[in-house]
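Enquirer: my_file07.cif is reproduced below (mmCIF, C-alpha atoms).
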```cif
data_work
loop_
_atom_site.group_PDB
_atom_site.id
_atom_site.type_symbol
_atom_site.label_atom_id
_atom_site.label_comp_id
_atom_site.auth_asym_id
_atom_site.auth_seq_id
_atom_site.Cartn_x
_atom_site.Cartn_y
_atom_site.Cartn_z
ATOM 1 C CA MET A 1 108.437 139.809 74.269
ATOM 2 C CA LYS A 2 105.785 140.856 76.753
ATOM 3 C CA PRO A 3 105.603 139.155 80.172
ATOM 4 C CA MET A 4 103.044 136.367 80.523
ATOM 5 C CA ASP A 5 99.635 136.880 82.054
ATOM 6 C CA ASN A 6 99.937 135.319 85.523
ATOM 7 C CA ALA A 7 96.301 134.215 85.429
ATOM 8 C CA MET A 8 96.861 132.170 82.258
ATOM 9 C CA ARG A 9 96.244 128.432 82.327
ATOM 10 C CA ILE A 10 96.805 126.079 79.409
ATOM 11 C CA GLU A 11 94.747 122.923 79.743
ATOM 12 C CA GLY A 12 95.576 119.540 78.223
ATOM 13 C CA GLU A 13 93.991 116.132 78.709
ATOM 14 C CA THR A 14 95.927 115.138 81.824
ATOM 15 C CA VAL A 15 98.242 118.105 82.443
ATOM 16 C CA SER A 16 97.952 121.844 82.644
ATOM 17 C CA LEU A 17 100.527 124.591 82.347
ATOM 18 C CA ARG A 18 100.570 127.587 84.648
ATOM 19 C CA PRO A 19 103.092 130.437 84.852
ATOM 20 C CA ILE A 20 105.967 129.850 87.264
ATOM 21 C CA THR A 21 105.978 131.944 90.457
ATOM 22 C CA ALA A 22 108.470 132.611 93.231
ATOM 23 C CA LYS A 23 106.495 130.111 95.351
ATOM 24 C CA ASP A 24 107.735 127.361 93.002
ATOM 25 C CA THR A 25 111.386 128.008 93.858
ATOM 26 C CA GLU A 26 111.916 125.118 96.272
ATOM 27 C CA VAL A 27 110.381 122.448 94.057
ATOM 28 C CA VAL A 28 111.969 123.785 90.850
ATOM 29 C CA LEU A 29 115.429 123.849 92.450
ATOM 30 C CA SER A 30 114.973 120.323 93.805
ATOM 31 C CA TRP A 31 114.247 119.169 90.250
ATOM 32 C CA ARG A 32 116.749 121.361 88.435
ATOM 33 C CA ASN A 33 119.626 120.383 90.737
ATOM 34 C CA SER A 34 118.820 116.645 90.738
ATOM 35 C CA PRO A 35 121.324 114.400 88.921
ATOM 36 C CA GLU A 36 118.588 113.051 86.593
ATOM 37 C CA VAL A 37 117.788 116.521 85.284
ATOM 38 C CA VAL A 38 121.333 117.916 85.319
ATOM 39 C CA ASN A 39 122.512 114.942 83.240
ATOM 40 C CA ASN A 40 120.271 116.074 80.372
ATOM 41 C CA PHE A 41 121.040 119.794 80.585
ATOM 42 C CA ILE A 42 123.803 121.645 78.777
ATOM 43 C CA TYR A 43 124.206 124.050 81.709
ATOM 44 C CA ARG A 44 125.196 121.745 84.546
ATOM 45 C CA LYS A 45 126.082 124.026 87.410
ATOM 46 C CA HIS A 46 124.131 123.902 90.670
ATOM 47 C CA ILE A 47 121.499 126.662 90.792
ATOM 48 C CA SER A 48 121.183 128.574 94.075
ATOM 49 C CA VAL A 49 118.025 130.180 95.407
ATOM 50 C CA GLN A 50 119.460 133.621 94.589
ATOM 51 C CA GLU A 51 120.349 132.613 91.027
ATOM 52 C CA HIS A 52 116.831 131.247 90.549
ATOM 53 C CA MET A 53 115.268 134.421 91.963
ATOM 54 C CA ASP A 54 117.477 136.508 89.639
ATOM 55 C CA TRP A 55 116.304 134.330 86.709
ATOM 56 C CA LEU A 56 112.676 134.943 87.666
ATOM 57 C CA GLU A 57 113.127 138.684 88.164
ATOM 58 C CA ASN A 58 115.361 139.438 85.173
ATOM 59 C CA LYS A 59 114.123 136.890 82.648
ATOM 60 C CA VAL A 60 110.649 135.518 83.428
ATOM 61 C CA PHE A 61 108.977 138.537 85.015
ATOM 62 C CA ALA A 62 110.632 140.793 82.407
ATOM 63 C CA GLY A 63 109.117 138.731 79.561
ATOM 64 C CA GLU A 64 112.416 137.428 78.180
ATOM 65 C CA VAL A 65 111.415 133.872 79.157
ATOM 66 C CA HIS A 66 107.930 132.373 79.222
ATOM 67 C CA GLN A 67 108.199 129.596 81.823
ATOM 68 C CA PHE A 68 105.412 127.328 82.974
ATOM 69 C CA ILE A 69 105.013 124.694 85.644
ATOM 70 C CA ILE A 70 103.620 121.422 84.280
ATOM 71 C CA CYS A 71 100.918 120.214 86.676
ATOM 72 C CA ALA A 72 98.778 117.103 86.953
ATOM 73 C CA LYS A 73 95.332 118.228 85.884
ATOM 74 C CA THR A 74 93.527 116.154 88.511
ATOM 75 C CA ASP A 75 95.201 117.555 91.628
ATOM 76 C CA GLY A 76 97.530 120.348 90.471
ATOM 77 C CA VAL A 77 100.675 118.553 91.658
ATOM 78 C CA PRO A 78 103.745 120.067 89.953
ATOM 79 C CA LEU A 79 105.529 117.585 87.663
ATOM 80 C CA GLY A 80 108.090 119.677 85.802
ATOM 81 C CA SER A 81 108.701 122.864 83.866
ATOM 82 C CA ILE A 82 108.656 123.994 80.248
ATOM 83 C CA TYR A 83 109.752 127.324 78.845
ATOM 84 C CA LEU A 84 110.436 129.436 75.799
ATOM 85 C CA GLN A 85 113.608 131.540 75.802
ATOM 86 C CA ASN A 86 116.005 133.292 73.441
ATOM 87 C CA PHE A 87 113.153 135.096 71.716
ATOM 88 C CA ASP A 88 114.242 136.508 68.369
ATOM 89 C CA GLU A 89 111.523 138.980 67.463
ATOM 90 C CA GLU A 90 113.152 139.958 64.153
ATOM 91 C CA ASN A 91 112.989 136.358 62.933
ATOM 92 C CA ASN A 92 109.864 135.470 64.951
ATOM 93 C CA LYS A 93 111.264 132.445 66.772
ATOM 94 C CA ALA A 94 112.244 131.113 70.207
ATOM 95 C CA GLU A 95 113.884 128.102 71.849
ATOM 96 C CA GLU A 96 112.001 125.562 73.969
ATOM 97 C CA GLY A 97 113.341 123.785 77.032
ATOM 98 C CA ILE A 98 111.660 121.206 79.237
ATOM 99 C CA PHE A 99 112.406 119.097 82.273
ATOM 100 C CA LEU A 100 110.328 116.730 84.336
ATOM 101 C CA GLY A 101 111.195 116.696 87.982
ATOM 102 C CA ALA A 102 108.892 114.091 89.403
ATOM 103 C CA ASN A 103 110.297 110.634 88.688
ATOM 104 C CA THR A 104 106.717 109.373 88.669
ATOM 105 C CA ALA A 105 106.123 111.511 85.556
ATOM 106 C CA TYR A 106 108.674 109.692 83.399
ATOM 107 C CA GLY A 107 107.474 107.511 80.532
ATOM 108 C CA LYS A 108 103.801 108.526 80.779
ATOM 109 C CA GLY A 109 103.559 111.010 77.925
ATOM 110 C CA ILE A 110 103.491 113.998 80.278
ATOM 111 C CA GLY A 111 106.419 115.724 78.579
ATOM 112 C CA THR A 112 104.914 115.051 75.158
ATOM 113 C CA GLN A 113 101.580 116.560 76.175
ATOM 114 C CA ALA A 114 103.281 119.591 77.759
ATOM 115 C CA ALA A 115 105.438 120.117 74.655
ATOM 116 C CA LYS A 116 102.340 119.979 72.409
ATOM 117 C CA LEU A 117 100.633 122.557 74.604
ATOM 118 C CA MET A 118 103.730 124.766 74.495
ATOM 119 C CA LEU A 119 104.004 124.574 70.709
ATOM 120 C CA ASN A 120 100.339 125.508 70.406
ATOM 121 C CA TYR A 121 100.933 128.446 72.773
ATOM 122 C CA ALA A 122 104.005 129.536 70.788
ATOM 123 C CA PHE A 123 102.196 129.383 67.464
ATOM 124 C CA SER A 124 98.597 130.328 68.325
ATOM 125 C CA VAL A 125 99.064 132.796 71.184
ATOM 126 C CA LEU A 126 102.497 134.292 70.515
ATOM 127 C CA GLY A 127 102.262 133.925 66.735
ATOM 128 C CA LEU A 128 105.819 132.605 66.422
ATOM 129 C CA HIS A 129 106.987 131.184 63.110
ATOM 130 C CA LYS A 130 109.509 128.703 64.535
ATOM 131 C CA VAL A 131 110.447 127.016 67.800
ATOM 132 C CA SER A 132 113.766 125.233 68.183
ATOM 133 C CA ALA A 133 115.153 122.850 70.792
ATOM 134 C CA ARG A 134 118.623 121.534 71.601
ATOM 135 C CA VAL A 135 118.861 117.925 72.799
ATOM 136 C CA LEU A 136 121.880 115.908 73.879
ATOM 137 C CA ALA A 137 122.102 112.958 71.484
ATOM 138 C CA TYR A 138 122.099 110.373 74.267
ATOM 139 C CA ASN A 139 118.765 111.664 75.616
ATOM 140 C CA LYS A 140 116.608 109.242 73.628
ATOM 141 C CA ALA A 141 113.421 110.068 75.565
ATOM 142 C CA SER A 142 113.698 113.774 74.680
ATOM 143 C CA ILE A 143 114.444 112.952 71.043
ATOM 144 C CA ARG A 144 111.311 110.748 70.824
ATOM 145 C CA MET A 145 109.211 113.377 72.585
ATOM 146 C CA HIS A 146 110.280 116.179 70.244
ATOM 147 C CA GLU A 147 109.672 114.007 67.180
ATOM 148 C CA LYS A 148 106.183 112.986 68.428
ATOM 149 C CA VAL A 149 105.244 116.635 68.923
ATOM 150 C CA GLY A 150 106.255 117.622 65.393
ATOM 151 C CA TYR A 151 109.844 118.803 65.637
ATOM 152 C CA THR A 152 112.254 117.669 62.941
ATOM 153 C CA GLN A 153 115.983 117.199 63.287
ATOM 154 C CA GLU A 154 117.741 120.090 61.584
ATOM 155 C CA ALA A 155 121.345 119.499 62.582
ATOM 156 C CA TYR A 156 123.530 116.937 64.304
ATOM 157 C CA PHE A 157 126.734 118.269 65.824
ATOM 158 C CA LYS A 158 129.387 115.659 66.594
ATOM 159 C CA GLU A 159 131.303 116.157 69.851
ATOM 160 C CA GLU A 160 129.855 119.665 70.170
ATOM 161 C CA LEU A 161 129.994 120.016 73.950
ATOM 162 C CA PHE A 162 132.540 119.058 76.601
ATOM 163 C CA LEU A 163 130.437 117.871 79.545
ATOM 164 C CA ASP A 164 131.587 115.968 82.608
ATOM 165 C CA GLY A 165 134.962 115.165 81.123
ATOM 166 C CA ARG A 166 133.834 113.967 77.696
ATOM 167 C CA TYR A 167 132.623 115.319 74.377
ATOM 168 C CA GLU A 168 128.921 114.903 73.621
ATOM 169 C CA ASP A 169 126.895 115.131 70.423
ATOM 170 C CA LEU A 170 124.122 117.717 70.197
ATOM 171 C CA ILE A 171 120.976 117.649 68.046
ATOM 172 C CA PHE A 172 119.100 120.769 66.949
ATOM 173 C CA PHE A 173 115.369 120.338 66.378
ATOM 174 C CA GLY A 174 112.914 122.785 64.846
ATOM 175 C CA ALA A 175 109.154 123.103 64.492
ATOM 176 C CA ILE A 176 107.626 125.452 61.956
ATOM 177 C CA ASN A 177 104.233 127.087 62.364
ATOM 178 C CA SER A 178 102.382 125.788 59.312
ATOM 179 C CA ARG A 179 99.267 127.758 60.300
ATOM 180 C CA LYS A 180 100.883 131.125 59.717
ATOM 181 C CA GLU A 181 102.538 132.674 56.705
ATOM 182 C CA GLY A 182 105.181 135.398 56.617
#
```
As C-alpha cells, please, write out the structure in this file.
Expert:
Amino acid sequence: MKPMDNAMRIEGETVSLRPITAKDTEVVLSWRNSPEVVNNFIYRKHISVQEHMDWLENKVFAGEVHQFIICAKTDGVPLGSIYLQNFDEENNKAEEGIFLGANTAYGKGIGTQAAKLMLNYAFSVLGLHKVSARVLAYNKASIRMHEKVGYTQEAYFKEELFLDGRYEDLIFFGAINSRKEG
C-alpha cells in the first residue's frame, strides 16, 4: 500500500481525521499506555518512545499502516487514533483498529463517527473490498460501535487469548464494500 498523503483531512460532523505525525508521539503514548486502553488491546506491553518511532518509520511512513489522529472538529484537540493495518493486496482487505484516549470522548459517538469515516476511506479512497476488526468479547462499547458502523460478527472464538492471567474470548468482525464488485 502507498503511504498516506500527509495533507489529507477527512471531515465528519464533529470529528476529523488527520494523518499521525511524530509530533503526536507524547499524546499517543499517554493514551496507548493508559490502563483503560491497554485493557482493550490484545498487545498489552508498554510502548516506549523508540518503539513508537520505529512503528511510525517502518509501518506508517512506509505505507504498511494508515494511521490517523481523531480530532475534535471545533478546536482540533486530539481524542484518539484509528488505523488500517495488515493490508492484504491480493485479497483487497485490511484490518481496522481504534482507541480513544481522552476519557471525555467516551460514550459520545466519537468512535462511531471515526469508524464510519475510516470505512468510507477504506472503501472509497483505497478501494478495499473488506475491512475486518478483532474485538475482545468483554468490550461491549467496541462491539456496539462496530455493529452501528456496519460490521457484522463473522466469528466468535472461545478462550482464544491468554491475557493478564486468564483466557478471553475474541470476536472477529467484517465489513464488506457493497459499492464495489470484484
Enquirer: Could you work out how far CA of Glu89 (chain A) lies from CA of Arg44 (chain A), giving the answer in Å with one decimal?
Expert: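 Value for the CA of Arg44 (chain A)-CA of Glu89 (chain A) distance: 27.9 Å.
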Enquirer: Give me, as a count of residues only, all polymer residues having an atom no more than 10 Å from Ser178 (chain A), counting all atoms listed in the file and skipping those fewer than 6 positions away in the same chain.
Expert: 3
Enquirer: To verify the selection step, state as a PyMOL selection string which residues the PyMOL selection byres ((chain A and resi 132) around 9) yields on this input.
Expert: chain A and resi 93-97+130-131+133-134+151+172-176
Enquirer: CA of Ala115 (chain A) and CA of Ser34 (chain A) are how many Å apart?
Expert: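 CA of Ser34 (chain A) lies at a distance of 21.2 Å from CA of Ala115 (chain A).
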Enquirer: Which residues are close to Ala141 (chain A), i.e. within 12 Å by all atoms listed in the file, leaving aside same-chain residues fewer than 4 positions away? Reply as a JSON list (two decimals) with C-alpha atoms, keeping the file's coordinate frame.
Expert:
```json
[["chain", "number", "residue", "atom", "x", "y", "z"],
["A", 40, "ASN", "CA", 120.27, 116.07, 80.37],
["A", 98, "ILE", "CA", 111.66, 121.21, 79.24],
["A", 99, "PHE", "CA", 112.41, 119.10, 82.27],
["A", 100, "LEU", "CA", 110.33, 116.73, 84.34],
["A", 106, "TYR", "CA", 108.67, 109.69, 83.40],
["A", 107, "GLY", "CA", 107.47, 107.51, 80.53],
["A", 108, "LYS", "CA", 103.80, 108.53, 80.78],
["A", 109, "GLY", "CA", 103.56, 111.01, 77.92],
["A", 110, "ILE", "CA", 103.49, 114.00, 80.28],
["A", 111, "GLY", "CA", 106.42, 115.72, 78.58],
["A", 112, "THR", "CA", 104.91, 115.05, 75.16],
["A", 135, "VAL", "CA", 118.86, 117.92, 72.80],
["A", 136, "LEU", "CA", 121.88, 115.91, 73.88],
["A", 137, "ALA", "CA", 122.10, 112.96, 71.48],
["A", 145, "MET", "CA", 109.21, 113.38, 72.58],
["A", 146, "HIS", "CA", 110.28, 116.18, 70.24],
["A", 147, "GLU", "CA", 109.67, 114.01, 67.18],
["A", 148, "LYS", "CA", 106.18, 112.99, 68.43]]
```
Enquirer: For Asp88 (chain A), which of A:Trp31, A:Leu128, A:Ile10, A:Ala22 is the closest residue, counting only C-alpha atoms?
Expert: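 When distances to Asp88 (chain A) are compared using only C-alpha atoms, the smallest one comes from A:Leu128.
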Enquirer: Evaluating the PyMOL selection byres ((chain A and resi 20) around 12) on the displayed file yields which residues, as number ranges by chain?
Expert: A: 3-9, 17-19, 21-28, 52-53, 55-57, 59-61, 65-71, 78, 80-83
Enquirer: Output, as AutoDock Vina command-line options, the centre and edge lengths in Å (one decimal) of the axis-aligned box that contains all listed atoms of region 154-160 of chain A with 5 Å of margin on each side.
Expert:
```
--center_x 124.5 --center_y 117.9 --center_z 65.9 --size_x 23.6 --size_y 14.4 --size_z 18.6
```
Enquirer: Can you work out the spacing between CA of Asn33 (chain A) and CA of Lys2 (chain A) in Å, to one decimal?
Expert: 28.4 Å
Enquirer: Could you list as a PyMOL selection string every residue that has an atom within 9 Å of (132.2, 116.1, 69.3), using the file's coordinates and counting all atoms listed in the file?
Expert: chain A and resi 157-162+166-170
Enquirer: Write out as a count of residues only each polymer residue whose atoms come within 10 Å of His46 (chain A), counting all atoms listed in the file; drop sequence neighbours fewer than 2 positions from it.
Expert: 10
Enquirer: For each of A:Asn120, A:Asn177, A:Asn39, A:Asn86, take the minimum atom-to-atom distance to Asp164 (chain A), counting all atoms listed in the file, then give the residue where this is smallest.
Expert: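 Nearest candidate to Asp164 (chain A) out of A:Asn120, A:Asn177, A:Asn39, A:Asn86: A:Asn39.
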Enquirer: May I ask which of the residues A:Lys45, A:Ile143, A:Thr14, A:Ala105 is the closest one to Ile171 (chain A), counting all atoms listed in the file?
Expert: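 The shortest atom-to-atom distance to Ile171 (chain A) comes from A:Ile143.
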Enquirer: Residues around (92.8, 112.6, 86.7), cut-off 9 Å, counting all atoms listed in the file - what are they as a list in words?
Expert: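 The distance filter leaves exactly Glu13, Thr14, Val15, Ala72, Lys73, Thr74 and Asp75 of chain A.
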